[in-house]
Amino acid sequence: MRAVAMYGAVTSLSSLVISALAVAPAGGTTNANAQSHGTAVAAERAAAAGITFGNCPKTEMLPSPIQCGSVEVPLDYADPSGRQISLTVSRVKASGKPAEYQGAFVYNPGGPGASSMSFPLAAQLPEWSRIARAYDIVGYSPRGVARSAPLSCQDPADFAKAPTLAPVYPSSSYKLERIAQAKAYAQGCARTAGPALRHYTSLNNARDLDVLRAALGQQRLTFMGASYGTYFGALYATLFPSHVRRMVFDSAVNPEPGRVWYRNNLDQSLFFERRWADFRTWVAKHDKTFHLGATAEAVASSYEKARAQLALKPAGGTVGPGQLHAAFLGAGYYDDYWVSRATALTEYLKGNEKPLIAQAAPRPEEAPEAENGNAVYTAVECNDAPWPTTWEIWDHDNTKLARRAPFETWDNAWMNLPCAFWPAPRQQPLDVRTKKGALPPTLILAAERDAATPYKGALELAHRLKGSVLITEEDAGTHGIGGGSNECVNAYLENYLLRGETPVRRAACAPHPEPDPVSLDRRAARPKLPHTV
């Protein structure tokens with residue numbers, strides 16, 4: 001998810017249109033009973049079959065003792081005996097004594113379009129070692145992702161073309177060019193996927209998760225979702241509350257039906273502006289190291305200088321303003337990137353392009369995976385909910401928002417614009433909600449200044465899932481905080497997963513330390529779990 005609430009007051013025009021779309025019944029909701037029955041049939045079948053784990057294919061690049069297998073799920077849950085698709089699964093067995101064993105622990109990093117096949121590697125990290133003693137650590141690729149019935153909408157080489165522009169205030173001619181690209185992309189998705197396109201949805205991701213639970217031999221699910229993973233995790237909790245054992249929501253998407261997904265994306269753009277300012281303020285504080293300016297405004301000027309130079313002469317022939325923006329957007333997600341991004345900008349402005357090229361240049365070998373991830377992202381978000389179907393609404397809302405939040409607004413809009421021209425039926429978002437006592441206690445983790453999933457989404461999810469407990473990392477903005485660098489957050493996570501313990505309702509943790517540009521923390525060298533929205 002890249003995602004709005006349009007800063008509290010959505011324009012009257014878009015409010016009327018989205019509201020009108022939202023009250024129209026979605027084509028996928030009329031057979032909800034059939035889909036519920038189909039899920040039960042598929043889960044029973046998966047429980048009987050189980051998963052045969054063995055050595056992982058070389059393409060997964062996962063070392064022993066990690067094992068791989070697959071689980072069959074229906075493409076269409078209304079037709080559980082029809083076409084089946086295979087989801088890839090990875091696992092490393094619990095390392096503790098039999099008395100410590102608590103079953104399978106499944107993780108999803110978000111997206112939509114991200115895989116957690118590498119998640120079992122986390123068992124080697126100190127932050128996860130005690131959890132890995134108690135649980136089989138399980139990852140998987142959701143439908144459409146990687147080897148799980150992969151979806152594609154465009155030739156990967158075309159998707160990864162570089163350099164590209166990234167105008168903050170695009171011209172009319174540039175807008176027309178991007179509209180044409182969005183239409184072509186939507187048509188490409190329909191052409192390659194055919195009738196199957198409509199089945200790439202968050203609701204089906206939740207149903208697939210229940211089939212995976214059954215295939216793993218679990219009566220109840222222990223699950224952690226990060227970013228977008230919190231959204232279909234919340235759908236799962238709503239659809240299958242009696243199947244939940246323990247559930248962690250790390251960096252929660254706002255599940256309010258009216259905000260999925262158009263308004264959530266506008267919200268996201270607004271809060272990335274704040275996080276971009278946090279980064280620039282930190283760089284300015286370390287001006288003696290980076291020499292990019294002693295104020296946040298001066299650092300912005302240095303960035304704009306680099307952007308202008310790259311528009312005239314791309315670094316290495318492939319790093320233009322678009323690639324620069326994408327690299328620095330990463331600093332909005334993770335402060336682990338702050339030192340390396342600031343250093344690359346400093347070196348570039350001194351005449352050394354190499355660090356910037358290393359961090360921002362597209363890698364052709366990664367293009368297929370990137371295109372696949374984007375295709376699944378687009379299909380799921382476009383299928384999930386109503387979107388404005390007239391360009392005038394997109395133009396009005398994003399032009400207005402860009403005056404306040406220029407850094408990410410238009411880049412986010414272009415990524416989601418295919419949804420304006422989407423050929424498949426749109427669904428009505430499910431009203432995420434559970435009654436008191438229907439769920440066991442669940443844990444929500446949130447950083448107060450997270451831009452990718454703004455904090456109010458965590459508050460909304462806590463309100464909707466009765467009995468949930470919210471842990472807040474105050475005055476911090478890293479996206480995805482479970483198992484990270486905050487020992488206080490990790491203690492709450494570990495107590496919950498190992499002992500089922502939670503605070504009464506809410507708790508707060510002080511922020512993890514800001515990056516030190518002189519003495520880099522060893523954590524930067526460790527592999528980190530992907531959290532994608």
# chains A, B, ... in the order shown; residues from 1 in each chain; ligands from 1

call {"tool": "closest_atom_pairs", "arguments": {"of": "stretch 197-250 of chain A", "to": "stretch 462-472 of chain A", "cutoff": "9 Å", "atoms": "only C-alpha atoms", "output": "JSON lines"}}
result
{"residue": "A:Ala234", "atom": "CA", "partner": "A:Leu465", "partner_atom": "CA", "distance": 8.1}
{"residue": "A:Ala237", "atom": "CA", "partner": "A:Leu465", "partner_atom": "CA", "distance": 8.2}
{"residue": "A:Thr238", "atom": "CA", "partner": "A:Leu465", "partner_atom": "CA", "distance": 8.4}

call {"tool": "residues_around", "arguments": {"residues": "A:Ser64", "least_positions_apart": "6", "cutoff": "9 Å", "atoms": "only C-alpha atoms", "output": "JSON, numbers by chain"}}
result
{"A": [55, 56, 92]}

call {"tool": "write_last_selection", "arguments": {"atoms": "C-alpha atoms", "output": "mmCIF file, in the first residue's frame"}}
result
data_model
loop_
_atom_site.group_PDB
_atom_site.id
_atom_site.type_symbol
_atom_site.label_atom_id
_atom_site.label_comp_id
_atom_site.auth_asym_id
_atom_site.auth_seq_id
_atom_site.Cartn_x
_atom_site.Cartn_y
_atom_site.Cartn_z
ATOM 1 C CA ASN A 55 14.970 -28.831 0.094
ATOM 2 C CA CYS A 56 14.226 -25.377 -1.280
ATOM 3 C CA VAL A 92 12.547 -23.638 9.730
#

call {"tool": "residues_around", "arguments": {"residues": "stretch 129-145 of chain A", "least_positions_apart": "3", "cutoff": "6 Å", "atoms": "only C-alpha atoms", "output": "list in words"}}
result
Thr88, Val89, Ser90, Arg91, Val92, Lys93, Ala94, Ser95, Gly96, Glu100, Tyr101, Gln102, Gly103, Ala104, Phe105, Val106, Tyr107, Gly113, Ser115, Ser116, Met117, Phe119, Pro120, Ala123, Pro126, Ser148, Ala149, Pro150 and Leu151 of chain A

call {"tool": "select_by_dssp", "arguments": {"residues": "stretch 293-514 of chain A", "states": "helix (DSSP H, G or I)", "output": "number ranges by chain"}}
result
A: 296-312, 321-333, 335-349, 354-360, 364-384, 391-404, 409-421, 456-464, 487-499

call {"tool": "closest_residue", "arguments": {"among": "A:Gln218, A:Ser242, A:Thr164, A:Ser251", "to": "A:Lys435", "atoms": "only C-alpha atoms"}}
result
A:Ser242
